[in-house]
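Undergrad: This is query32.txt, which holds compact mmCIF, N, CA and C atoms:
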```txt
# COMPACT_ATOMS: atom_id res chain seq x y z
N MET T 1 63.95 177.39 129.27
CA MET T 1 64.79 178.53 129.48
C MET T 1 65.93 178.11 130.41
N ILE T 2 67.12 178.56 130.08
CA ILE T 2 68.29 178.23 130.89
C ILE T 2 68.85 179.53 131.47
N GLU T 3 69.07 179.53 132.77
CA GLU T 3 69.67 180.67 133.47
C GLU T 3 70.98 180.21 134.09
N VAL T 4 71.94 181.10 134.21
CA VAL T 4 73.21 180.82 134.85
C VAL T 4 73.30 181.69 136.09
N GLY T 5 73.69 181.07 137.21
CA GLY T 5 73.77 181.84 138.44
C GLY T 5 74.70 181.20 139.45
N THR T 6 74.71 181.77 140.64
CA THR T 6 75.57 181.33 141.73
C THR T 6 74.72 180.80 142.87
N VAL T 7 75.09 179.65 143.40
CA VAL T 7 74.38 179.05 144.53
C VAL T 7 74.66 179.89 145.77
N VAL T 8 73.57 180.39 146.41
CA VAL T 8 73.73 181.24 147.59
C VAL T 8 73.22 180.56 148.86
N ALA T 9 72.51 179.44 148.73
CA ALA T 9 72.04 178.70 149.90
C ALA T 9 71.81 177.25 149.50
N VAL T 10 72.15 176.33 150.41
CA VAL T 10 71.96 174.90 150.17
C VAL T 10 71.16 174.34 151.34
N ARG T 11 70.04 173.66 151.01
CA ARG T 11 69.19 173.02 152.03
C ARG T 11 68.84 171.62 151.53
N GLY T 12 69.70 170.67 151.82
CA GLY T 12 69.46 169.30 151.37
C GLY T 12 69.50 169.21 149.86
N ASP T 13 68.38 168.78 149.25
CA ASP T 13 68.32 168.64 147.79
C ASP T 13 67.73 169.87 147.11
N LYS T 14 67.61 170.98 147.85
CA LYS T 14 67.10 172.25 147.30
C LYS T 14 68.14 173.33 147.52
N VAL T 15 68.27 174.21 146.54
CA VAL T 15 69.22 175.32 146.64
C VAL T 15 68.55 176.61 146.20
N ASP T 16 69.12 177.74 146.61
CA ASP T 16 68.73 179.05 146.11
C ASP T 16 69.86 179.52 145.20
N VAL T 17 69.47 180.06 144.04
CA VAL T 17 70.46 180.48 143.05
C VAL T 17 70.22 181.94 142.69
N SER T 18 71.25 182.76 142.79
CA SER T 18 71.19 184.16 142.39
C SER T 18 71.55 184.25 140.92
N VAL T 19 70.63 184.81 140.12
CA VAL T 19 70.85 184.93 138.67
C VAL T 19 70.64 186.38 138.26
N GLY T 20 71.24 186.75 137.15
CA GLY T 20 70.98 188.06 136.58
C GLY T 20 69.58 188.08 135.99
N ALA T 21 68.90 189.21 136.09
CA ALA T 21 67.54 189.33 135.57
C ALA T 21 67.59 189.47 134.06
N SER T 22 67.32 188.38 133.35
CA SER T 22 67.33 188.42 131.90
C SER T 22 66.05 189.09 131.40
N PRO T 23 66.08 189.64 130.19
CA PRO T 23 64.88 190.30 129.65
C PRO T 23 63.68 189.35 129.58
N SER T 24 63.92 188.06 129.37
CA SER T 24 62.81 187.11 129.23
C SER T 24 62.11 186.83 130.54
N CYS T 25 62.77 187.05 131.67
CA CYS T 25 62.13 186.72 132.94
C CYS T 25 61.99 187.90 133.87
N ALA T 26 62.49 189.05 133.51
CA ALA T 26 62.55 190.18 134.44
C ALA T 26 61.18 190.62 134.94
N GLY T 27 60.13 190.45 134.15
CA GLY T 27 58.83 190.97 134.56
C GLY T 27 57.85 189.96 135.09
N CYS T 28 58.22 188.69 135.18
CA CYS T 28 57.21 187.68 135.51
C CYS T 28 56.97 187.52 137.01
N ASN T 29 57.88 187.98 137.85
CA ASN T 29 57.74 187.91 139.31
C ASN T 29 57.75 186.49 139.87
N ALA T 30 58.15 185.51 139.10
CA ALA T 30 58.23 184.14 139.62
C ALA T 30 59.40 184.01 140.58
N CYS T 31 60.39 184.88 140.45
CA CYS T 31 61.55 184.85 141.33
C CYS T 31 61.43 185.97 142.36
N SER T 32 62.17 185.82 143.43
CA SER T 32 62.27 186.89 144.40
C SER T 32 63.31 187.88 143.91
N MET T 33 63.17 189.13 144.28
CA MET T 33 64.18 190.12 143.92
C MET T 33 65.42 189.86 144.76
N GLY T 34 66.56 190.03 144.16
CA GLY T 34 67.81 189.88 144.89
C GLY T 34 68.17 191.19 145.57
N SER T 35 69.47 191.39 145.78
CA SER T 35 69.91 192.59 146.47
C SER T 35 69.88 193.82 145.58
N SER T 36 69.69 193.63 144.26
CA SER T 36 69.58 194.77 143.35
C SER T 36 68.55 194.45 142.28
N ALA T 37 68.18 195.46 141.49
CA ALA T 37 67.16 195.28 140.45
C ALA T 37 67.66 194.37 139.32
N GLU T 38 68.99 194.25 139.17
CA GLU T 38 69.54 193.40 138.11
C GLU T 38 69.69 191.95 138.56
N GLU T 39 69.33 191.64 139.78
CA GLU T 39 69.57 190.32 140.34
C GLU T 39 68.24 189.69 140.77
N MET T 40 68.05 188.42 140.44
CA MET T 40 66.86 187.68 140.84
C MET T 40 67.31 186.47 141.65
N LEU T 41 66.44 186.00 142.53
CA LEU T 41 66.76 184.85 143.36
C LEU T 41 65.78 183.73 143.06
N LEU T 42 66.30 182.64 142.49
CA LEU T 42 65.49 181.44 142.27
C LEU T 42 65.52 180.63 143.56
N ARG T 43 64.37 180.45 144.18
CA ARG T 43 64.30 179.75 145.45
C ARG T 43 63.88 178.30 145.23
N ASP T 44 64.38 177.42 146.09
CA ASP T 44 64.00 176.00 146.10
C ASP T 44 64.20 175.32 144.75
N VAL T 45 65.36 175.56 144.15
CA VAL T 45 65.73 174.89 142.91
C VAL T 45 66.13 173.46 143.25
N VAL T 46 65.59 172.50 142.52
CA VAL T 46 65.91 171.09 142.76
C VAL T 46 67.37 170.84 142.34
N ASP T 47 68.11 170.17 143.22
CA ASP T 47 69.54 169.94 143.00
C ASP T 47 69.85 168.45 142.94
N PRO T 48 69.82 167.85 141.75
CA PRO T 48 70.16 166.42 141.65
C PRO T 48 71.67 166.17 141.61
N LEU T 49 72.48 167.23 141.52
CA LEU T 49 73.93 167.07 141.33
C LEU T 49 74.74 167.21 142.62
N GLY T 50 74.15 167.73 143.68
CA GLY T 50 74.90 167.93 144.92
C GLY T 50 75.83 169.13 144.84
N VAL T 51 75.32 170.27 144.45
CA VAL T 51 76.15 171.47 144.34
C VAL T 51 76.52 172.01 145.71
N ALA T 52 77.51 172.89 145.74
CA ALA T 52 77.97 173.50 146.99
C ALA T 52 77.80 175.01 146.91
N LEU T 53 77.84 175.63 148.05
CA LEU T 53 77.71 177.08 148.16
C LEU T 53 78.78 177.76 147.30
N GLY T 54 78.37 178.72 146.48
CA GLY T 54 79.30 179.46 145.64
C GLY T 54 79.50 178.88 144.25
N ASP T 55 79.00 177.67 143.97
CA ASP T 55 79.14 177.08 142.64
C ASP T 55 78.38 177.90 141.61
N ARG T 56 78.95 178.05 140.40
CA ARG T 56 78.24 178.63 139.25
C ARG T 56 77.53 177.47 138.58
N VAL T 57 76.22 177.62 138.37
CA VAL T 57 75.42 176.52 137.85
C VAL T 57 74.50 176.99 136.72
N GLU T 58 74.08 176.02 135.91
CA GLU T 58 73.02 176.24 134.94
C GLU T 58 71.73 175.72 135.54
N VAL T 59 70.70 176.53 135.47
CA VAL T 59 69.38 176.14 135.99
C VAL T 59 68.42 176.12 134.81
N VAL T 60 67.69 175.02 134.70
CA VAL T 60 66.71 174.90 133.63
C VAL T 60 65.32 175.16 134.21
N ILE T 61 64.57 176.06 133.55
CA ILE T 61 63.21 176.39 133.96
C ILE T 61 62.30 175.98 132.81
N SER T 62 61.35 175.11 133.09
CA SER T 62 60.50 174.58 132.02
C SER T 62 59.67 175.68 131.37
N GLU T 63 59.47 175.56 130.08
CA GLU T 63 58.65 176.52 129.34
C GLU T 63 57.21 176.49 129.85
N GLN T 64 56.76 175.31 130.26
CA GLN T 64 55.41 175.18 130.79
C GLN T 64 55.25 176.00 132.07
N LEU T 65 56.28 176.02 132.91
CA LEU T 65 56.25 176.82 134.13
C LEU T 65 56.16 178.30 133.79
N ARG T 66 56.94 178.75 132.82
CA ARG T 66 56.90 180.16 132.40
C ARG T 66 55.52 180.55 131.91
N MET T 67 54.91 179.69 131.11
CA MET T 67 53.58 180.00 130.58
C MET T 67 52.53 180.02 131.69
N GLN T 68 52.61 179.07 132.61
CA GLN T 68 51.66 179.05 133.73
C GLN T 68 51.84 180.26 134.62
N ALA T 69 53.07 180.68 134.83
CA ALA T 69 53.32 181.86 135.67
C ALA T 69 52.75 183.11 135.01
N ALA T 70 52.96 183.26 133.72
CA ALA T 70 52.42 184.42 133.01
C ALA T 70 50.89 184.42 133.05
N LEU T 71 50.30 183.26 132.86
CA LEU T 71 48.84 183.15 132.91
C LEU T 71 48.33 183.50 134.29
N ALA T 72 48.96 182.96 135.32
CA ALA T 72 48.51 183.18 136.70
C ALA T 72 48.70 184.63 137.13
N ILE T 73 49.76 185.27 136.69
CA ILE T 73 50.08 186.62 137.16
C ILE T 73 49.36 187.70 136.37
N TYR T 74 49.12 187.48 135.08
CA TYR T 74 48.55 188.53 134.25
C TYR T 74 47.11 188.26 133.82
N VAL T 75 46.87 187.15 133.19
CA VAL T 75 45.58 186.90 132.54
C VAL T 75 44.46 186.62 133.54
N VAL T 76 44.69 185.72 134.47
CA VAL T 76 43.63 185.33 135.41
C VAL T 76 43.16 186.51 136.26
N PRO T 77 44.06 187.28 136.90
CA PRO T 77 43.57 188.42 137.68
C PRO T 77 42.86 189.49 136.82
N LEU T 78 43.36 189.71 135.61
CA LEU T 78 42.71 190.68 134.74
C LEU T 78 41.30 190.22 134.37
N GLY T 79 41.16 188.93 134.06
CA GLY T 79 39.83 188.37 133.78
C GLY T 79 38.92 188.46 134.99
N ALA T 80 39.47 188.18 136.18
CA ALA T 80 38.68 188.27 137.41
C ALA T 80 38.24 189.71 137.68
N LEU T 81 39.13 190.67 137.41
CA LEU T 81 38.78 192.08 137.57
C LEU T 81 37.60 192.45 136.67
N PHE T 82 37.67 192.04 135.42
CA PHE T 82 36.61 192.33 134.46
C PHE T 82 35.29 191.68 134.86
N VAL T 83 35.33 190.39 135.15
CA VAL T 83 34.11 189.67 135.54
C VAL T 83 33.53 190.25 136.83
N GLY T 84 34.39 190.54 137.80
CA GLY T 84 33.94 191.13 139.05
C GLY T 84 33.26 192.47 138.83
N TYR T 85 33.82 193.29 137.94
CA TYR T 85 33.22 194.58 137.65
C TYR T 85 31.85 194.41 137.00
N VAL T 86 31.75 193.53 136.02
CA VAL T 86 30.47 193.32 135.33
C VAL T 86 29.41 192.80 136.29
N VAL T 87 29.77 191.81 137.09
CA VAL T 87 28.81 191.24 138.06
C VAL T 87 28.44 192.30 139.10
N GLY T 88 29.41 193.04 139.59
CA GLY T 88 29.15 194.08 140.59
C GLY T 88 28.27 195.19 140.04
N SER T 89 28.50 195.58 138.79
CA SER T 89 27.66 196.61 138.17
C SER T 89 26.22 196.13 138.06
N ALA T 90 26.04 194.90 137.62
CA ALA T 90 24.69 194.35 137.51
C ALA T 90 24.02 194.27 138.88
N LEU T 91 24.78 193.86 139.87
CA LEU T 91 24.25 193.77 141.23
C LEU T 91 23.88 195.15 141.76
N GLY T 92 24.73 196.15 141.50
CA GLY T 92 24.45 197.52 141.92
C GLY T 92 23.19 198.06 141.28
N GLU T 93 23.01 197.78 140.00
CA GLU T 93 21.78 198.23 139.31
C GLU T 93 20.56 197.55 139.92
N HIS T 94 20.67 196.27 140.20
CA HIS T 94 19.55 195.51 140.77
C HIS T 94 19.19 196.03 142.17
N LEU T 95 20.22 196.39 142.96
CA LEU T 95 19.99 196.86 144.33
C LEU T 95 19.74 198.37 144.38
N ASP T 96 19.78 199.03 143.23
CA ASP T 96 19.54 200.46 143.12
C ASP T 96 20.56 201.28 143.95
N VAL T 97 21.84 200.88 143.85
CA VAL T 97 22.96 201.63 144.45
C VAL T 97 23.94 201.97 143.34
N ASP T 98 24.97 202.70 143.65
CA ASP T 98 25.96 203.11 142.65
C ASP T 98 26.60 201.88 141.99
N ALA T 99 26.20 201.61 140.76
CA ALA T 99 26.65 200.41 140.05
C ALA T 99 28.16 200.43 139.81
N ASP T 100 28.72 201.59 139.48
CA ASP T 100 30.16 201.68 139.22
C ASP T 100 30.97 201.40 140.49
N LEU T 101 30.52 201.92 141.61
CA LEU T 101 31.23 201.69 142.87
C LEU T 101 31.20 200.22 143.25
N ILE T 102 30.03 199.61 143.19
CA ILE T 102 29.90 198.18 143.53
C ILE T 102 30.73 197.35 142.54
N GLY T 103 30.68 197.71 141.26
CA GLY T 103 31.46 197.00 140.25
C GLY T 103 32.95 197.09 140.51
N ALA T 104 33.43 198.30 140.85
CA ALA T 104 34.85 198.49 141.12
C ALA T 104 35.28 197.70 142.36
N LEU T 105 34.49 197.76 143.41
CA LEU T 105 34.83 197.03 144.63
C LEU T 105 34.85 195.52 144.41
N LEU T 106 33.83 195.01 143.72
CA LEU T 106 33.79 193.57 143.46
C LEU T 106 34.90 193.15 142.49
N GLY T 107 35.21 194.01 141.53
CA GLY T 107 36.31 193.71 140.61
C GLY T 107 37.64 193.63 141.32
N ILE T 108 37.91 194.58 142.21
CA ILE T 108 39.16 194.57 142.97
C ILE T 108 39.22 193.35 143.88
N ALA T 109 38.10 193.03 144.51
CA ALA T 109 38.06 191.84 145.39
C ALA T 109 38.32 190.57 144.57
N ALA T 110 37.73 190.48 143.38
CA ALA T 110 37.92 189.29 142.54
C ALA T 110 39.37 189.17 142.06
N ALA T 111 39.99 190.29 141.68
CA ALA T 111 41.39 190.26 141.24
C ALA T 111 42.30 189.87 142.40
N THR T 112 42.02 190.38 143.59
CA THR T 112 42.81 190.03 144.77
C THR T 112 42.68 188.54 145.07
N ALA T 113 41.47 188.02 144.99
CA ALA T 113 41.25 186.58 145.21
C ALA T 113 42.00 185.76 144.17
N ALA T 114 42.05 186.24 142.93
CA ALA T 114 42.78 185.52 141.88
C ALA T 114 44.28 185.48 142.18
N PHE T 115 44.84 186.62 142.64
CA PHE T 115 46.26 186.63 143.02
C PHE T 115 46.52 185.67 144.16
N MET T 116 45.65 185.66 145.16
CA MET T 116 45.83 184.75 146.29
C MET T 116 45.72 183.30 145.84
N GLY T 117 44.80 183.03 144.93
CA GLY T 117 44.66 181.68 144.38
C GLY T 117 45.91 181.26 143.63
N ALA T 118 46.53 182.19 142.92
CA ALA T 118 47.78 181.89 142.21
C ALA T 118 48.89 181.53 143.19
N GLN T 119 48.94 182.21 144.33
CA GLN T 119 49.95 181.88 145.34
C GLN T 119 49.73 180.49 145.91
N VAL T 120 48.48 180.14 146.18
CA VAL T 120 48.17 178.81 146.71
C VAL T 120 48.55 177.75 145.68
N ARG T 121 48.21 177.99 144.43
CA ARG T 121 48.53 177.04 143.36
C ARG T 121 50.05 176.88 143.21
N GLU T 122 50.77 177.99 143.34
CA GLU T 122 52.23 177.93 143.23
C GLU T 122 52.81 177.06 144.34
N ARG T 123 52.29 177.20 145.55
CA ARG T 123 52.78 176.37 146.66
C ARG T 123 52.49 174.89 146.41
N MET T 124 51.31 174.59 145.89
CA MET T 124 50.96 173.19 145.60
C MET T 124 51.90 172.62 144.55
N LEU T 125 52.16 173.38 143.49
CA LEU T 125 53.05 172.91 142.43
C LEU T 125 54.48 172.75 142.92
N SER T 126 54.93 173.67 143.79
CA SER T 126 56.31 173.56 144.27
C SER T 126 56.49 172.35 145.18
N ARG T 127 55.45 171.97 145.91
CA ARG T 127 55.56 170.76 146.75
C ARG T 127 55.70 169.52 145.89
N LYS T 128 54.99 169.47 144.78
CA LYS T 128 55.07 168.31 143.88
C LYS T 128 56.42 168.26 143.17
N GLY T 129 57.01 169.43 142.90
CA GLY T 129 58.33 169.48 142.28
C GLY T 129 58.35 169.20 140.79
N ARG T 130 57.19 168.95 140.18
CA ARG T 130 57.16 168.59 138.76
C ARG T 130 57.60 169.75 137.87
N PHE T 131 57.23 170.97 138.24
CA PHE T 131 57.57 172.13 137.41
C PHE T 131 58.70 172.95 138.02
N ALA T 132 59.31 172.46 139.08
CA ALA T 132 60.34 173.22 139.77
C ALA T 132 61.58 173.38 138.89
N PRO T 133 62.23 174.53 138.98
CA PRO T 133 63.50 174.70 138.27
C PRO T 133 64.51 173.67 138.80
N ARG T 134 65.42 173.21 137.92
CA ARG T 134 66.40 172.18 138.30
C ARG T 134 67.80 172.63 137.90
N VAL T 135 68.78 172.26 138.74
CA VAL T 135 70.18 172.48 138.39
C VAL T 135 70.52 171.47 137.30
N ARG T 136 70.99 171.97 136.16
CA ARG T 136 71.32 171.09 135.04
C ARG T 136 72.80 170.77 134.98
N ALA T 137 73.64 171.73 135.37
CA ALA T 137 75.09 171.50 135.28
C ALA T 137 75.82 172.45 136.22
N ILE T 138 76.98 171.99 136.67
CA ILE T 138 77.88 172.86 137.44
C ILE T 138 78.89 173.43 136.44
N ILE T 139 78.90 174.74 136.30
CA ILE T 139 79.80 175.40 135.35
C ILE T 139 81.18 175.58 135.96
N ALA T 140 81.22 176.05 137.21
CA ALA T 140 82.49 176.26 137.90
C ALA T 140 82.26 176.05 139.39
N PRO T 141 83.19 175.35 140.04
CA PRO T 141 83.04 175.16 141.48
C PRO T 141 83.21 176.49 142.22
N GLY T 142 82.61 176.56 143.40
CA GLY T 142 82.72 177.74 144.23
C GLY T 142 84.13 177.92 144.77
N PRO T 143 84.38 179.04 145.44
CA PRO T 143 85.72 179.33 145.94
C PRO T 143 86.23 178.31 146.95
N GLU T 144 85.32 177.66 147.69
CA GLU T 144 85.77 176.68 148.69
C GLU T 144 86.27 175.38 148.04
N GLN T 145 85.75 175.06 146.83
CA GLN T 145 86.14 173.81 146.19
C GLN T 145 87.37 173.96 145.30
N GLY T 146 87.55 175.15 144.74
CA GLY T 146 88.54 175.20 143.73
C GLY T 146 89.66 176.08 143.83
```
Mind turning the file's structure into structure tokens?
TA:
Amino acid sequence: MIEVGTVVAVRGDKVDVSVGASPSCAGCNACSMGSSAEEMLLRDVVDPLGVALGDRVEVVISEQLRMQAALAIYVVPLGALFVGYVVGSALGEHLDVDADLIGALLGIAAATAAFMGAQVRERMLSRKGRFAPRVRAIIAPGPEQG
């Protein structure tokens, strides 16, 4: 996937890029929200080109990253919620307490743990940089350059 945006911060070989929220990425939450609902902020984009503040750039986001993000944000927590509920219900029946309550509590705890695990995994992947978004091209120099 290719996004076009404006460089809003430069930190060595990493930049932050403000992009419009395209329909393909608007719901995945892999980006931070920008100053409005139509704007997303790609953080820590790898910059092999040496871009400057204000440059319009193309950013390439690997399809594998998109699929992993969707899996981590939607499928894994939903599966954890289901498994937690089933295990909690069985445990509640065994302990002779309200099975639905124990199931709901364990399901919510499992889904929360899955979300936290996704955050830890995201940090590990971003340190490696293998799946990090990359600046592919400078479309137009920023106001200071041109």
Undergrad: For each of T:Ala9, T:Ile73, T:Met67, T:Val15, take the minimum atom-to-atom distance to T:Gly117, counting only C-alpha atoms, then give the residue where this is smallest.
TA: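 Of T:Ala9, T:Ile73, T:Met67, T:Val15, the one nearest T:Gly117 is T:Ile73, counting only C-alpha atoms.
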Undergrad: Just the number, please: distance in Å from atom N of T:Val60 to atom C of T:Phe115, one decimal.
TA: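 Interatomic distance here is 25.5 Å.
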Undergrad: Using all atoms listed in the file, which protein or nucleic acid residues come within 6.5 Å of T:Val17? Drop anything in the same chain fewer than 4 positions from it, and give the result as a PyMOL selection string.
TA: chain T and resi 5-9+40-45
Undergrad: Would you compute the distance between atom N of T:Glu122 and atom N of T:Ser89? Give it in Å to one decimal.
TA: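 A separation of 28.7 Å between them.
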Undergrad: Taking the DSSP assignment computed from this structure's backbone, write out as a list in words all residues of stretch 10-133 of chain T that belong to strand (DSSP E or B).
TA: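 For stretch 10-133 of chain T, the strand (DSSP E or B) set is Val10, Arg11, Lys14, Val15, Asp16, Val17, Ser18, Val19, Gly20, Ser32, Met33, Glu39, Met40, Leu41, Leu42, Arg43, Asp44, Val45, Val46, Arg56, Val57, Glu58, Val59 and Val60 of chain T.
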Undergrad: From the set T:Val19, T:His94, T:Tyr85, T:Ala99, which residue has the shortest atom-to-atom contact distance to T:Ala111, counting only C-alpha atoms?
TA: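 When distances to T:Ala111 are compared using only C-alpha atoms, the smallest one comes from T:Tyr85.
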Undergrad: What separation in Å, quoted to one decimal, exists between atom C of T:Ile108 and atom CA of T:Gln68?
TA: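 Between atom C of T:Ile108 and atom CA of T:Gln68 the gap works out to 21.5 Å.
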Undergrad: Hey, which of T:Leu78, T:Ala70, T:Leu125, T:Ile138 ends up closest to T:Thr112? Count only C-alpha atoms.
TA: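 Looking at the shortest contact to T:Thr112, the residue is T:Leu78.
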Undergrad: Enumerate, as a PyMOL selection string, the complete set of residues in stretch 39-105 of chain T that a backbone-based DSSP assignment places in alpha helix (DSSP H).
TA: chain T and resi 63-70+76-95+99-105
Undergrad: If you count all atoms listed in the file, which residues fall within 8 Å of T:Ile61, apart from same-chain ones fewer than 3 positions away, as a list in words?
TA: Met1, Ile2, Glu3, Glu58, Gln64, Leu65, Arg66, Phe131, Ala132, Pro133, Arg134 and Val135 of chain T
Undergrad: Selected residues, N, CA and C atoms, written as a PDB file, in the coordinates of the input, please.
TA:
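And here's part_29.pdb as it stands now:
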```
ATOM      1  N   MET T   1      63.950 177.390 129.270  1.00  0.00           N
ATOM      2  CA  MET T   1      64.790 178.530 129.480  1.00  0.00           C
ATOM      3  C   MET T   1      65.930 178.110 130.410  1.00  0.00           C
ATOM      4  N   ILE T   2      67.120 178.560 130.080  1.00  0.00           N
ATOM      5  CA  ILE T   2      68.290 178.230 130.890  1.00  0.00           C
ATOM      6  C   ILE T   2      68.850 179.530 131.470  1.00  0.00           C
ATOM      7  N   GLU T   3      69.070 179.530 132.770  1.00  0.00           N
ATOM      8  CA  GLU T   3      69.670 180.670 133.470  1.00  0.00           C
ATOM      9  C   GLU T   3      70.980 180.210 134.090  1.00  0.00           C
ATOM     10  N   GLU T  58      74.080 176.020 135.910  1.00  0.00           N
ATOM     11  CA  GLU T  58      73.020 176.240 134.940  1.00  0.00           C
ATOM     12  C   GLU T  58      71.730 175.720 135.540  1.00  0.00           C
ATOM     13  N   GLN T  64      56.760 175.310 130.260  1.00  0.00           N
ATOM     14  CA  GLN T  64      55.410 175.180 130.790  1.00  0.00           C
ATOM     15  C   GLN T  64      55.250 176.000 132.070  1.00  0.00           C
ATOM     16  N   LEU T  65      56.280 176.020 132.910  1.00  0.00           N
ATOM     17  CA  LEU T  65      56.250 176.820 134.130  1.00  0.00           C
ATOM     18  C   LEU T  65      56.160 178.300 133.790  1.00  0.00           C
ATOM     19  N   ARG T  66      56.940 178.750 132.820  1.00  0.00           N
ATOM     20  CA  ARG T  66      56.900 180.160 132.400  1.00  0.00           C
ATOM     21  C   ARG T  66      55.520 180.550 131.910  1.00  0.00           C
ATOM     22  N   PHE T 131      57.230 170.970 138.240  1.00  0.00           N
ATOM     23  CA  PHE T 131      57.570 172.130 137.410  1.00  0.00           C
ATOM     24  C   PHE T 131      58.700 172.950 138.020  1.00  0.00           C
ATOM     25  N   ALA T 132      59.310 172.460 139.080  1.00  0.00           N
ATOM     26  CA  ALA T 132      60.340 173.220 139.770  1.00  0.00           C
ATOM     27  C   ALA T 132      61.580 173.380 138.890  1.00  0.00           C
ATOM     28  N   PRO T 133      62.230 174.530 138.980  1.00  0.00           N
ATOM     29  CA  PRO T 133      63.500 174.700 138.270  1.00  0.00           C
ATOM     30  C   PRO T 133      64.510 173.670 138.800  1.00  0.00           C
ATOM     31  N   ARG T 134      65.420 173.210 137.920  1.00  0.00           N
ATOM     32  CA  ARG T 134      66.400 172.180 138.300  1.00  0.00           C
ATOM     33  C   ARG T 134      67.800 172.630 137.900  1.00  0.00           C
ATOM     34  N   VAL T 135      68.780 172.260 138.740  1.00  0.00           N
ATOM     35  CA  VAL T 135      70.180 172.480 138.390  1.00  0.00           C
ATOM     36  C   VAL T 135      70.520 171.470 137.300  1.00  0.00           C
TER      37      VAL T 135
END
```
